[in-house]
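Have a look at entry27.pdb below; it lists PDB, C-alpha atoms.
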ATOM      1  CA  MET T 266      -9.225  -5.726  18.762
ATOM      2  CA  GLN T 267     -11.637  -3.230  17.244
ATOM      3  CA  ILE T 268     -10.926  -2.055  13.689
ATOM      4  CA  ILE T 269     -12.822   0.843  12.136
ATOM      5  CA  ILE T 270     -12.353   0.860   8.369
ATOM      6  CA  VAL T 271     -13.118   4.217   6.807
ATOM      7  CA  GLY T 272     -13.636   3.594   3.113
ATOM      8  CA  CYS T 273     -13.808  -0.024   2.034
ATOM      9  CA  GLY T 274     -13.203  -0.092  -1.701
ATOM     10  CA  HIS T 275     -10.808  -2.350  -3.578
ATOM     11  CA  MET T 276      -7.884  -2.079  -1.168
ATOM     12  CA  GLY T 277      -9.744  -1.568   2.089
ATOM     13  CA  GLY T 278     -12.038  -4.456   1.184
ATOM     14  CA  ALA T 279      -9.094  -6.688   0.255
ATOM     15  CA  MET T 280      -7.419  -5.995   3.597
ATOM     16  CA  LEU T 281     -10.626  -6.702   5.505
ATOM     17  CA  GLU T 282     -11.161  -9.982   3.657
ATOM     18  CA  GLY T 283      -7.599 -11.021   4.480
ATOM     19  CA  TRP T 284      -8.021 -10.224   8.170
ATOM     20  CA  LEU T 285     -11.282 -12.114   8.445
ATOM     21  CA  ALA T 286     -10.055 -15.133   6.479
ATOM     22  CA  SER T 287      -6.915 -15.418   8.644
ATOM     23  CA  HIS T 288      -8.976 -14.991  11.837
ATOM     24  CA  ILE T 289      -6.780 -12.086  12.906
ATOM     25  CA  LEU T 290     -10.031 -10.151  13.188
ATOM     26  CA  ALA T 291     -13.483 -11.381  14.179
ATOM     27  CA  GLY T 292     -16.470 -10.147  12.182
ATOM     28  CA  GLU T 293     -18.093  -8.459  15.163
ATOM     29  CA  ASP T 294     -14.929  -6.408  15.724
ATOM     30  CA  ALA T 295     -14.923  -4.965  12.192
ATOM     31  CA  HIS T 296     -16.707  -1.634  11.819
ATOM     32  CA  ILE T 297     -17.085  -0.379   8.237
ATOM     33  CA  VAL T 298     -17.867   3.239   7.444
ATOM     34  CA  ALA T 299     -18.373   3.380   3.690
ATOM     35  CA  PRO T 300     -21.079   4.402   1.231
ATOM     36  CA  ASN T 301     -21.252   1.127  -0.672
ATOM     37  CA  PHE T 302     -19.437  -2.044   0.340
ATOM     38  CA  PRO T 303     -20.683  -5.454  -0.949
ATOM     39  CA  LEU T 304     -20.965  -7.363   2.330
ATOM     40  CA  LYS T 305     -22.172 -10.393   0.380
ATOM     41  CA  ASN T 306     -18.573 -10.834  -0.774
ATOM     42  CA  LEU T 307     -17.669 -11.688   2.810
ATOM     43  CA  GLY T 308     -19.983 -14.685   3.016
ATOM     44  CA  ASP T 309     -20.967 -15.655   6.570
ATOM     45  CA  TYR T 310     -18.867 -12.832   8.002
ATOM     46  CA  SER T 311     -21.363 -10.318   6.634
ATOM     47  CA  LYS T 312     -23.819 -11.340   9.373
ATOM     48  CA  THR T 313     -21.537  -9.964  12.079
ATOM     49  CA  ILE T 314     -19.919  -6.985  10.326
ATOM     50  CA  ASN T 315     -20.910  -3.595  11.729
ATOM     51  CA  PHE T 316     -21.795  -1.315   8.823
ATOM     52  CA  ALA T 317     -22.499   2.419   8.751
ATOM     53  CA  GLN T 318     -23.024   4.892   5.956
ATOM     54  CA  HIS T 319     -21.031   8.130   5.700
ATOM     55  CA  HIS T 320     -23.372  10.127   7.911
ATOM     56  CA  THR T 321     -22.178  12.409  10.677
ATOM     57  CA  SER T 322     -24.639  11.031  13.252
ATOM     58  CA  GLU T 323     -23.443   7.460  12.778
ATOM     59  CA  ILE T 324     -19.784   8.481  12.927
ATOM     60  CA  ALA T 325     -20.527  10.446  16.093
ATOM     61  CA  SER T 326     -22.062   7.371  17.691
ATOM     62  CA  LEU T 327     -18.908   5.418  16.956
ATOM     63  CA  THR T 328     -16.699   8.044  18.574
ATOM     64  CA  LYS T 329     -18.769   7.872  21.779
ATOM     65  CA  ASP T 330     -18.620   4.066  21.997
ATOM     66  CA  ASN T 331     -16.605   3.059  25.052
ATOM     67  CA  ARG T 332     -15.292  -0.062  23.323
ATOM     68  CA  PHE T 333     -12.900   2.061  21.311
ATOM     69  CA  THR T 334      -9.782   2.839  23.332
ATOM     70  CA  SER T 335      -6.139   3.398  22.442
ATOM     71  CA  ASP T 336      -5.317  -0.064  23.828
ATOM     72  CA  ASN T 337      -7.514  -2.058  21.472
ATOM     73  CA  THR T 338      -8.547   0.089  18.490
ATOM     74  CA  MET T 339      -7.077   1.098  15.154
ATOM     75  CA  ILE T 340      -8.636   3.371  12.537
ATOM     76  CA  VAL T 341      -7.885   2.257   8.975
ATOM     77  CA  VAL T 342      -8.445   5.091   6.501
ATOM     78  CA  ALA T 343      -8.643   3.717   2.964
ATOM     79  CA  VAL T 344     -10.300   6.511   0.989
ATOM     80  CA  ILE T 345      -8.811   8.059  -2.131
ATOM     81  CA  PRO T 346      -6.303  10.872  -1.480
ATOM     82  CA  GLN T 347      -8.521  13.465  -3.139
ATOM     83  CA  ILE T 348     -11.178  13.283  -0.399
ATOM     84  CA  MET T 349      -8.936  12.568   2.600
ATOM     85  CA  LYS T 350      -8.988  16.196   3.732
ATOM     86  CA  ASP T 351     -12.796  16.126   3.909
ATOM     87  CA  VAL T 352     -13.070  12.733   5.623
ATOM     88  CA  LEU T 353     -10.428  12.886   8.372
ATOM     89  CA  PRO T 354     -11.880  15.702  10.519
ATOM     90  CA  ASN T 355     -14.874  13.467  11.315
ATOM     91  CA  TYR T 356     -12.533  11.208  13.290
ATOM     92  CA  GLN T 357     -10.851  13.839  15.463
ATOM     93  CA  ALA T 358     -12.413  12.311  18.598
ATOM     94  CA  PHE T 359     -10.440   9.114  18.041
ATOM     95  CA  ALA T 360      -7.217  11.061  17.644
ATOM     96  CA  ASP T 361      -7.997  12.820  20.927
ATOM     97  CA  LYS T 362      -8.004   9.363  22.577
ATOM     98  CA  ASN T 363      -4.533   8.681  21.110
ATOM     99  CA  ILE T 364      -5.963   5.910  18.929
ATOM    100  CA  PRO T 365      -3.586   5.104  16.029
ATOM    101  CA  PHE T 366      -4.522   5.740  12.402
ATOM    102  CA  MET T 367      -3.411   3.419   9.590
ATOM    103  CA  THR T 368      -3.597   5.188   6.230
ATOM    104  CA  VAL T 369      -3.793   3.615   2.779
ATOM    105  CA  ALA T 370      -3.276   6.452   0.309
ATOM    106  CA  ALA T 371      -0.529   7.208  -2.177
ATOM    107  CA  GLY T 372       1.359  10.462  -1.941
ATOM    108  CA  LEU T 373       0.016  11.969   1.278
ATOM    109  CA  PRO T 374       2.824  12.462   3.815
ATOM    110  CA  GLU T 375       2.546  11.718   7.516
ATOM    111  CA  ALA T 376       2.560  15.457   8.288
ATOM    112  CA  PHE T 377      -0.682  15.835   6.293
ATOM    113  CA  TYR T 378      -2.495  13.586   8.767
ATOM    114  CA  ARG T 379      -0.981  15.212  11.852
ATOM    115  CA  ASN T 380      -2.022  18.639  10.601
ATOM    116  CA  ILE T 381      -5.644  17.488  10.681
ATOM    117  CA  LEU T 382      -5.703  14.980  13.552
ATOM    118  CA  GLY T 383      -3.166  16.459  15.937
ATOM    119  CA  GLU T 384       0.592  16.750  16.256
ATOM    120  CA  LYS T 385       1.130  13.627  18.388
ATOM    121  CA  THR T 386      -1.300  11.270  16.659
ATOM    122  CA  PRO T 387       0.228   7.828  15.967
ATOM    123  CA  ILE T 388       0.233   7.497  12.170
ATOM    124  CA  ILE T 389       1.055   4.339  10.235
ATOM    125  CA  ARG T 390       1.337   4.693   6.480
ATOM    126  CA  VAL T 391       0.907   1.416   4.641
ATOM    127  CA  MET T 392       1.126   0.737   0.938
ATOM    128  CA  PRO T 393      -0.368  -2.633  -0.071
ATOM    129  CA  ASN T 394      -0.580  -3.917  -3.612
ATOM    130  CA  MET T 395      -3.309  -5.862  -5.384
ATOM    131  CA  PRO T 396      -2.193  -9.435  -4.471
ATOM    132  CA  THR T 397      -2.923  -8.481  -0.863
ATOM    133  CA  SER T 398      -6.466  -9.681  -1.579
ATOM    134  CA  ILE T 399      -5.199 -13.288  -1.860
ATOM    135  CA  GLY T 400      -2.582 -13.050   0.883
ATOM    136  CA  ARG T 401       0.326 -12.621  -1.551
ATOM    137  CA  GLY T 402       0.893  -8.883  -1.307
ATOM    138  CA  MET T 403       4.089  -6.874  -0.957
ATOM    139  CA  ASN T 404       3.190  -4.305   1.668
ATOM    140  CA  ALA T 405       5.156  -1.328   2.975
ATOM    141  CA  ILE T 406       4.831  -0.045   6.538
ATOM    142  CA  CYS T 407       6.082   3.335   7.722
ATOM    143  CA  TYR T 408       5.612   4.494  11.334
ATOM    144  CA  ASN T 409       5.801   8.019  12.625
ATOM    145  CA  GLN T 410       7.661   8.829  15.830
ATOM    146  CA  TYR T 411       4.490   8.662  17.945
ATOM    147  CA  CYS T 412       3.825   4.972  17.208
ATOM    148  CA  TYR T 413       4.592   3.153  20.438
ATOM    149  CA  GLN T 414       5.716  -0.488  20.493
ATOM    150  CA  THR T 415       2.231  -1.946  20.919
ATOM    151  CA  VAL T 416       1.066  -0.088  17.804
ATOM    152  CA  LYS T 417       3.951  -1.534  15.795
ATOM    153  CA  GLU T 418       3.273  -5.059  17.033
ATOM    154  CA  THR T 419      -0.427  -4.745  16.215
ATOM    155  CA  THR T 420       0.266  -3.328  12.757
ATOM    156  CA  GLU T 421       2.653  -6.120  11.822
ATOM    157  CA  LYS T 422       0.251  -8.735  13.179
ATOM    158  CA  LEU T 423      -2.438  -7.295  10.906
ATOM    159  CA  MET T 424      -0.259  -6.984   7.813
ATOM    160  CA  ARG T 425       1.558 -10.338   7.839
ATOM    161  CA  PRO T 426      -1.477 -12.439   6.777
ATOM    162  CA  LEU T 427      -1.803 -10.158   3.724
ATOM    163  CA  GLY T 428       1.635 -11.060   2.323
ATOM    164  CA  GLU T 429       5.227  -9.971   2.765
ATOM    165  CA  ILE T 430       5.972  -6.738   4.617
ATOM    166  CA  ASP T 431       8.748  -4.215   4.182
ATOM    167  CA  ILE T 432       9.284  -1.763   7.043
ATOM    168  CA  LEU T 433      10.569   1.447   5.520
ATOM    169  CA  GLN T 434      13.539   3.138   7.140
ATOM    170  CA  SER T 435      12.048   6.552   6.459
ATOM    171  CA  GLU T 436       9.008   8.082   4.806
ATOM    172  CA  SER T 437      11.225   9.262   1.962
ATOM    173  CA  GLU T 438      11.201   5.659   0.670
ATOM    174  CA  MET T 439       7.420   5.546   0.284
ATOM    175  CA  ASP T 440       7.213   7.100  -3.188
ATOM    176  CA  ALA T 441       9.858   4.676  -4.480
ATOM    177  CA  PHE T 442       8.082   1.706  -2.912
ATOM    178  CA  THR T 443       4.808   2.843  -4.479
ATOM    179  CA  ALA T 444       6.482   2.972  -7.884
ATOM    180  CA  LEU T 445       8.146  -0.440  -7.596
ATOM    181  CA  ALA T 446       5.744  -2.636  -5.631
ATOM    182  CA  GLY T 447       2.525  -0.663  -5.196
ATOM    183  CA  SER T 448       2.035  -0.152  -8.928
ATOM    184  CA  GLY T 449       4.166  -3.184  -9.836
ATOM    185  CA  PRO T 450       1.377  -5.706 -10.475
ATOM    186  CA  ALA T 451       0.130  -3.511 -13.329
ATOM    187  CA  TYR T 452       3.534  -3.807 -15.013
ATOM    188  CA  LEU T 453       3.260  -7.582 -14.876
ATOM    189  CA  PHE T 454      -0.254  -7.447 -16.280
ATOM    190  CA  ALA T 455       1.104  -5.292 -19.097
ATOM    191  CA  LEU T 456       3.815  -7.892 -19.757
ATOM    192  CA  VAL T 457       1.271 -10.718 -19.911
ATOM    193  CA  LYS T 458      -0.828  -8.673 -22.338
ATOM    194  CA  ALA T 459       2.192  -7.911 -24.504
ATOM    195  CA  MET T 460       3.184 -11.586 -24.573
ATOM    196  CA  SER T 461      -0.406 -12.582 -25.371
ATOM    197  CA  ASP T 462      -0.673 -10.063 -28.195
ATOM    198  CA  ALA T 463       2.657 -11.259 -29.577
ATOM    199  CA  GLY T 464       1.349 -14.834 -29.400
ATOM    200  CA  VAL T 465      -1.708 -13.830 -31.396
ATOM    201  CA  ALA T 466       0.588 -12.293 -33.984
ATOM    202  CA  LEU T 467       2.300 -15.696 -34.228
ATOM    203  CA  GLY T 468      -1.018 -17.415 -34.935
ATOM    204  CA  PHE T 469      -2.504 -18.378 -31.557
ATOM    205  CA  GLU T 470      -6.120 -17.575 -30.688
ATOM    206  CA  GLN T 471      -6.358 -14.759 -28.090
ATOM    207  CA  GLN T 472      -7.650 -16.770 -25.142
ATOM    208  CA  ARG T 473      -5.133 -19.527 -25.718
ATOM    209  CA  ALA T 474      -2.280 -17.045 -26.084
ATOM    210  CA  GLN T 475      -3.198 -15.413 -22.779
ATOM    211  CA  ARG T 476      -3.351 -18.781 -21.013
ATOM    212  CA  LEU T 477       0.075 -19.704 -22.328
ATOM    213  CA  ALA T 478       1.548 -16.335 -21.339
ATOM    214  CA  LEU T 479      -0.038 -16.270 -17.885
ATOM    215  CA  GLN T 480       1.023 -19.799 -16.907
ATOM    216  CA  THR T 481       4.522 -19.085 -18.163
ATOM    217  CA  VAL T 482       4.750 -16.005 -15.935
ATOM    218  CA  LEU T 483       3.228 -17.815 -12.935
ATOM    219  CA  GLY T 484       5.521 -20.798 -13.248
ATOM    220  CA  ALA T 485       8.626 -18.700 -13.806
ATOM    221  CA  SER T 486       7.834 -16.507 -10.770
ATOM    222  CA  GLU T 487       7.321 -19.470  -8.476
ATOM    223  CA  TYR T 488      10.438 -21.187  -9.803
ATOM    224  CA  MET T 489      12.554 -18.090  -9.227
ATOM    225  CA  ASN T 490      11.177 -17.721  -5.705
ATOM    226  CA  GLU T 491      12.023 -21.325  -4.818
ATOM    227  CA  CYS T 492      15.360 -21.885  -6.563
ATOM    228  CA  GLY T 493      17.223 -18.988  -4.955
ATOM    229  CA  LEU T 494      19.056 -17.976  -8.131
ATOM    230  CA  SER T 495      19.277 -14.400  -9.382
ATOM    231  CA  ALA T 496      17.471 -13.197 -12.481
ATOM    232  CA  GLU T 497      20.771 -13.010 -14.335
ATOM    233  CA  GLN T 498      21.654 -16.611 -13.427
ATOM    234  CA  LEU T 499      18.272 -17.886 -14.499
ATOM    235  CA  MET T 500      18.400 -16.078 -17.831
ATOM    236  CA  ALA T 501      21.824 -17.578 -18.466
ATOM    237  CA  LYS T 502      20.492 -21.079 -17.769
ATOM    238  CA  ILE T 503      17.775 -20.703 -20.422
ATOM    239  CA  ALA T 504      19.529 -18.536 -22.998
ATOM    240  CA  LEU T 505      21.926 -21.078 -24.495
ATOM    241  CA  ALA T 506      24.324 -19.820 -27.132
ATOM    242  CA  GLY T 507      22.716 -19.718 -30.535
ATOM    243  CA  GLY T 508      19.313 -20.676 -29.149
ATOM    244  CA  THR T 509      15.819 -19.236 -29.335
ATOM    245  CA  THR T 510      15.866 -17.514 -25.932
ATOM    246  CA  GLU T 511      19.150 -15.807 -26.719
ATOM    247  CA  ALA T 512      17.619 -14.458 -29.923
ATOM    248  CA  ALA T 513      14.601 -13.088 -28.041
ATOM    249  CA  LEU T 514      16.628 -11.549 -25.206
ATOM    250  CA  ALA T 515      18.868  -9.857 -27.749
ATOM    251  CA  GLN T 516      15.805  -7.900 -28.876
ATOM    252  CA  LEU T 517      14.673  -7.043 -25.333
ATOM    253  CA  ASN T 518      18.163  -6.036 -24.254
ATOM    254  CA  ASN T 519      19.120  -4.137 -27.388
ATOM    255  CA  ASP T 520      20.805  -0.953 -26.091
ATOM    256  CA  ASN T 521      19.326  -1.860 -22.686
ATOM    257  CA  ALA T 522      15.879  -1.027 -24.085
ATOM    258  CA  LEU T 523      13.900  -3.014 -21.494
ATOM    259  CA  GLY T 524      15.985  -1.778 -18.561
ATOM    260  CA  ASP T 525      15.710   1.848 -19.608
ATOM    261  CA  LEU T 526      11.972   1.504 -20.243
ATOM    262  CA  MET T 527      11.408   0.104 -16.746
ATOM    263  CA  LYS T 528      13.578   2.773 -15.119
ATOM    264  CA  ASN T 529      11.618   5.488 -16.900
ATOM    265  CA  ALA T 530       8.302   3.885 -15.920
ATOM    266  CA  LEU T 531       9.209   3.664 -12.222
ATOM    267  CA  LYS T 532      10.617   7.171 -12.238
ATOM    268  CA  ALA T 533       7.336   8.486 -13.675
ATOM    269  CA  ALA T 534       5.330   6.625 -11.010
ATOM    270  CA  LYS T 535       7.587   7.869  -8.204
ATOM    271  CA  ASN T 536       7.401  11.461  -9.429
ATOM    272  CA  ARG T 537       3.618  11.251  -9.691
ATOM    273  CA  SER T 538       3.342   9.911  -6.142
ATOM    274  CA  ALA T 539       5.481  12.782  -4.850
ATOM    275  CA  GLN T 540       3.480  15.347  -6.847
ATOM    276  CA  MET T 541       0.181  14.014  -5.502
ATOM    277  CA  GLY T 542       1.460  14.623  -1.990
ATOM    278  CA  LYS T 543       2.420  18.206  -2.839
ATOM    279  CA  ASP T 544      -0.894  18.903  -4.589
ATOM    280  CA  MET T 545      -3.021  17.716  -1.678
ATOM    281  CA  SER T 546      -0.946  18.764   1.317
TER     282      SER T 546
END

Using structure tokens, write down the structure that the file contains.
Amino acid sequence: MQIIIVGCGHMGGAMLEGWLASHILAGEDAHIVAPNFPLKNLGDYSKTINFAQHHTSEIASLTKDNRFTSDNTMIVVAVIPQIMKDVLPNYQAFADKNIPFMTVAAGLPEAFYRNILGEKTPIIRVMPNMPTSIGRGMNAICYNQYCYQTVKETTEKLMRPLGEIDILQSESEMDAFTALAGSGPAYLFALVKAMSDAGVALGFEQQRAQRLALQTVLGASEYMNECGLSAEQLMAKIALAGGTTEAALAQLNNDNALGDLMKNALKAAKNRSAQMGKDMS
């Protein structure tokens, strides 16, 4: 398989690292088109990676390469939404060959890509999150109607080494997924910071408080994943009547404060994702 990665920043780079580490993709079959990507981060793979700057002549040479066919090639576009409209037209020749495009950008609907690349272009929208870089991501996949079975099989083969996948029933779910799982790691980071700061207020030194908070969150997450109990059941097991956990949860759950705060946060993220699509379409 030949993969052309257009834009290789935090997320594009994380996906590439995952593919190389899992041996889903060989170094010589990875073609990066990006202004600045630290190949040294890829260790020995950097010797075989094909790297090009964002120059029209180099992109043109890629489009004329006979290795790239619809049977064995995928274009992964991982640039920020704000420049997608300027970048995509350079890859029209690939769309003309019916080569599928995987896009990694919040907000931009499938129709946006077809308007630039062609009505019947196979488009796969994916939404990874940060733990993708260590193979623990929660990644959404959404296919348009022109994605044939081989494209779907290839996409899922690529995405599984990066973590869990969720195949969306329709594109309308993408903004909600972005709000819950795409942005979700930041909410957990915010929780760890809040717990750490609260620990400092109780007398712990900052670094120690963060270590205590982080390991608590890590251990609790892994325990929940393995035990098979719901969040409600687990809280009930810890929050014994008259105990310390019950006292703390009473503060968090006062008038459903935590639940309402999270609902409002996800709603704001979902609305922003939808608005970004409208602004740039």

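For the pair atom CA of Ala358 of chain T and atom CA of Tyr413 of chain T, the interatomic distance is 19.4 Å.
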
Care to translate the PyMOL selection byres ((chain T and resi 385) around 12) into actual residues of this file, as a PDB file with C-alpha atoms, in the coordinates of the input?
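Everything below was put into selection.pdb:
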ATOM      1  CA  ALA T 360      -7.217  11.061  17.644  1.00  0.00           C
ATOM      2  CA  ASP T 361      -7.997  12.820  20.927  1.00  0.00           C
ATOM      3  CA  LYS T 362      -8.004   9.363  22.577  1.00  0.00           C
ATOM      4  CA  ASN T 363      -4.533   8.681  21.110  1.00  0.00           C
ATOM      5  CA  ILE T 364      -5.963   5.910  18.929  1.00  0.00           C
ATOM      6  CA  PRO T 365      -3.586   5.104  16.029  1.00  0.00           C
ATOM      7  CA  PHE T 366      -4.522   5.740  12.402  1.00  0.00           C
ATOM      8  CA  GLU T 375       2.546  11.718   7.516  1.00  0.00           C
ATOM      9  CA  ALA T 376       2.560  15.457   8.288  1.00  0.00           C
ATOM     10  CA  TYR T 378      -2.495  13.586   8.767  1.00  0.00           C
ATOM     11  CA  ARG T 379      -0.981  15.212  11.852  1.00  0.00           C
ATOM     12  CA  ASN T 380      -2.022  18.639  10.601  1.00  0.00           C
ATOM     13  CA  ILE T 381      -5.644  17.488  10.681  1.00  0.00           C
ATOM     14  CA  LEU T 382      -5.703  14.980  13.552  1.00  0.00           C
ATOM     15  CA  GLY T 383      -3.166  16.459  15.937  1.00  0.00           C
ATOM     16  CA  GLU T 384       0.592  16.750  16.256  1.00  0.00           C
ATOM     17  CA  THR T 386      -1.300  11.270  16.659  1.00  0.00           C
ATOM     18  CA  PRO T 387       0.228   7.828  15.967  1.00  0.00           C
ATOM     19  CA  ILE T 388       0.233   7.497  12.170  1.00  0.00           C
ATOM     20  CA  ASN T 409       5.801   8.019  12.625  1.00  0.00           C
ATOM     21  CA  GLN T 410       7.661   8.829  15.830  1.00  0.00           C
ATOM     22  CA  TYR T 411       4.490   8.662  17.945  1.00  0.00           C
ATOM     23  CA  CYS T 412       3.825   4.972  17.208  1.00  0.00           C
ATOM     24  CA  TYR T 413       4.592   3.153  20.438  1.00  0.00           C
TER      25      TYR T 413
END

Check: What's the 8 Å shell around segment 393-402 of chain T, counting only C-alpha atoms, without same-chain residues fewer than 6 positions away, as a PyMOL selection string?
Finding: chain T and resi 276+279-280+282-283+369+426-429+446-450

For the point (-13.3, -15.1, 4.0) in file coordinates, what residues are within 8 Å, counting all atoms listed in the file? Give the answer as a short mmCIF file (atom, residue, chain, number, x, y, z; two decimals) with C-alpha atoms, keeping the file's coordinate frame?
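What landed in result_19.cif:
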data_model
loop_
_atom_site.label_atom_id
_atom_site.label_comp_id
_atom_site.auth_asym_id
_atom_site.auth_seq_id
_atom_site.Cartn_x
_atom_site.Cartn_y
_atom_site.Cartn_z
CA GLU T 282 -11.16 -9.98 3.66
CA GLY T 283 -7.60 -11.02 4.48
CA LEU T 285 -11.28 -12.11 8.44
CA ALA T 286 -10.06 -15.13 6.48
CA SER T 287 -6.92 -15.42 8.64
CA LEU T 307 -17.67 -11.69 2.81
CA GLY T 308 -19.98 -14.68 3.02
CA TYR T 310 -18.87 -12.83 8.00
#

Next item on the list: One decimal, Å: what's the distance from atom CA of Tyr452 of chain T over to atom CA of Ala530 of chain T, could you say?
Entry: 9.1 Å

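In this structure, atom CA of Ala463 of chain T sits 16.1 Å away from atom CA of Leu523 of chain T.
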
Item checked: Residues matched by the PyMOL selection byres ((chain T and resi 356) around 9), written as number ranges by chain -> T: 324-325, 328, 340, 352-355, 357-360, 382

Coordinates of box centre and edge lengths for segment 487-491 of chain T, 8 Å on every side, axis-aligned, as lines of an AutoDock Vina configuration file:
center_x = 9.9
center_y = -19.5
center_z = -7.3
size_x = 21.2
size_y = 19.6
size_z = 21.0

Note to self: Could you list, as a list of chain:residue names, every residue within 12 Å of segment 480-482 of chain T, counting only C-alpha atoms and ignoring same-chain residues fewer than 5 positions away?
What the structure shows: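 Using only C-alpha atoms, the neighbours found are T:Leu453, T:Phe454, T:Ala455, T:Leu456, T:Val457, T:Lys458, T:Met460, T:Ser461, T:Arg473, T:Ala474, T:Gln475, T:Glu487, T:Tyr488, T:Met489.
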
Residue contacts of Gln540 of chain T (10 Å, all atoms listed in the file) excluding same-chain residues fewer than 6 positions away, as a PDB file with C-alpha atoms, in the frame of the given file:
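File selection32.pdb, as written:
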ATOM      1  CA  GLY T 372       1.359  10.462  -1.941  1.00  0.00           C
ATOM      2  CA  LEU T 373       0.016  11.969   1.278  1.00  0.00           C
ATOM      3  CA  ASP T 440       7.213   7.100  -3.188  1.00  0.00           C
ATOM      4  CA  ALA T 534       5.330   6.625 -11.010  1.00  0.00           C
ATOM      5  CA  SER T 546      -0.946  18.764   1.317  1.00  0.00           C
TER       6      SER T 546
END

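Shortest atom-to-atom contact with Arg537 of chain T among T:Asp525, T:Cys273, T:Thr443, T:Arg425: T:Thr443, counting all atoms listed in the file.
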
Margin query: If we count all atoms listed in the file and set the cut-off at 9 Å, which residues sit around Val341 of chain T, ignoring sequence neighbours fewer than 6 positions away in its own chain? Please answer as a list in words.
Written below: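 Returned residues: Ile268, Ile269, Ile270, Val271, Gly272, Gly277, Pro365, Phe366, Met367, Thr368 and Val369 of chain T.
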
Next item on the list: Would you kindly return, as a ChimeraX atom specification, each protein, DNA or RNA residue with an atom no farther than 12 Å from any atom of Ile503 of chain T, considering only C-alpha atoms and excluding same-chain residues fewer than 6 positions away?
Entry: /T:485,496-497,509-514

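Using all atoms listed in the file, the shortest contact distance between Ile345 of chain T and any of T:Ala371, T:Ile432, T:Arg332, T:Ala317 is found at T:Ala371.
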
Next item on the list: Please evaluate the PyMOL selection byres ((chain T and resi 297) around 12) against the displayed coordinates and give the resulting residues as JSON, numbers by chain.
Entry: {"T": [267, 268, 269, 270, 271, 272, 273, 274, 277, 278, 281, 292, 293, 294, 295, 296, 298, 299, 300, 301, 302, 303, 304, 311, 313, 314, 315, 316, 317, 318, 319, 323, 324, 327, 340, 341, 342, 343]}

Take the residues from that selection and put them in a file with C-alpha atoms, as a tab-separated table (two decimals), in the frame of the given file.
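The file below, again38.tsv, is the result:
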chain	number	residue	atom	x	y	z
T	267	GLN	CA	-11.64	-3.23	17.24
T	268	ILE	CA	-10.93	-2.06	13.69
T	269	ILE	CA	-12.82	0.84	12.14
T	270	ILE	CA	-12.35	0.86	8.37
T	271	VAL	CA	-13.12	4.22	6.81
T	272	GLY	CA	-13.64	3.59	3.11
T	273	CYS	CA	-13.81	-0.02	2.03
T	274	GLY	CA	-13.20	-0.09	-1.70
T	277	GLY	CA	-9.74	-1.57	2.09
T	278	GLY	CA	-12.04	-4.46	1.18
T	281	LEU	CA	-10.63	-6.70	5.50
T	292	GLY	CA	-16.47	-10.15	12.18
T	293	GLU	CA	-18.09	-8.46	15.16
T	294	ASP	CA	-14.93	-6.41	15.72
T	295	ALA	CA	-14.92	-4.96	12.19
T	296	HIS	CA	-16.71	-1.63	11.82
T	298	VAL	CA	-17.87	3.24	7.44
T	299	ALA	CA	-18.37	3.38	3.69
T	300	PRO	CA	-21.08	4.40	1.23
T	301	ASN	CA	-21.25	1.13	-0.67
T	302	PHE	CA	-19.44	-2.04	0.34
T	303	PRO	CA	-20.68	-5.45	-0.95
T	304	LEU	CA	-20.96	-7.36	2.33
T	311	SER	CA	-21.36	-10.32	6.63
T	313	THR	CA	-21.54	-9.96	12.08
T	314	ILE	CA	-19.92	-6.98	10.33
T	315	ASN	CA	-20.91	-3.60	11.73
T	316	PHE	CA	-21.80	-1.32	8.82
T	317	ALA	CA	-22.50	2.42	8.75
T	318	GLN	CA	-23.02	4.89	5.96
T	319	HIS	CA	-21.03	8.13	5.70
T	323	GLU	CA	-23.44	7.46	12.78
T	324	ILE	CA	-19.78	8.48	12.93
T	327	LEU	CA	-18.91	5.42	16.96
T	340	ILE	CA	-8.64	3.37	12.54
T	341	VAL	CA	-7.88	2.26	8.98
T	342	VAL	CA	-8.44	5.09	6.50
T	343	ALA	CA	-8.64	3.72	2.96

Check: Which residue out of T:Ala478, T:Ala405, T:Val391, T:Val416 has the minimum interatomic distance to Met266 of chain T when all atoms listed in the file are used?
Finding: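 Answer, going by the shortest atom-to-atom distance: T:Val416.
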
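Take the candidates T:Asp544, T:Ala444, T:Asp330, T:Asp351 and check each one against Asn529 of chain T using all atoms listed in the file; the shortest distance goes to T:Ala444.
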
Margin query: From the options T:Val344, T:Met392, T:Met339, T:Cys407, which residue's atoms come nearest to Leu445 of chain T, counting all atoms listed in the file?
Written below: T:Met392
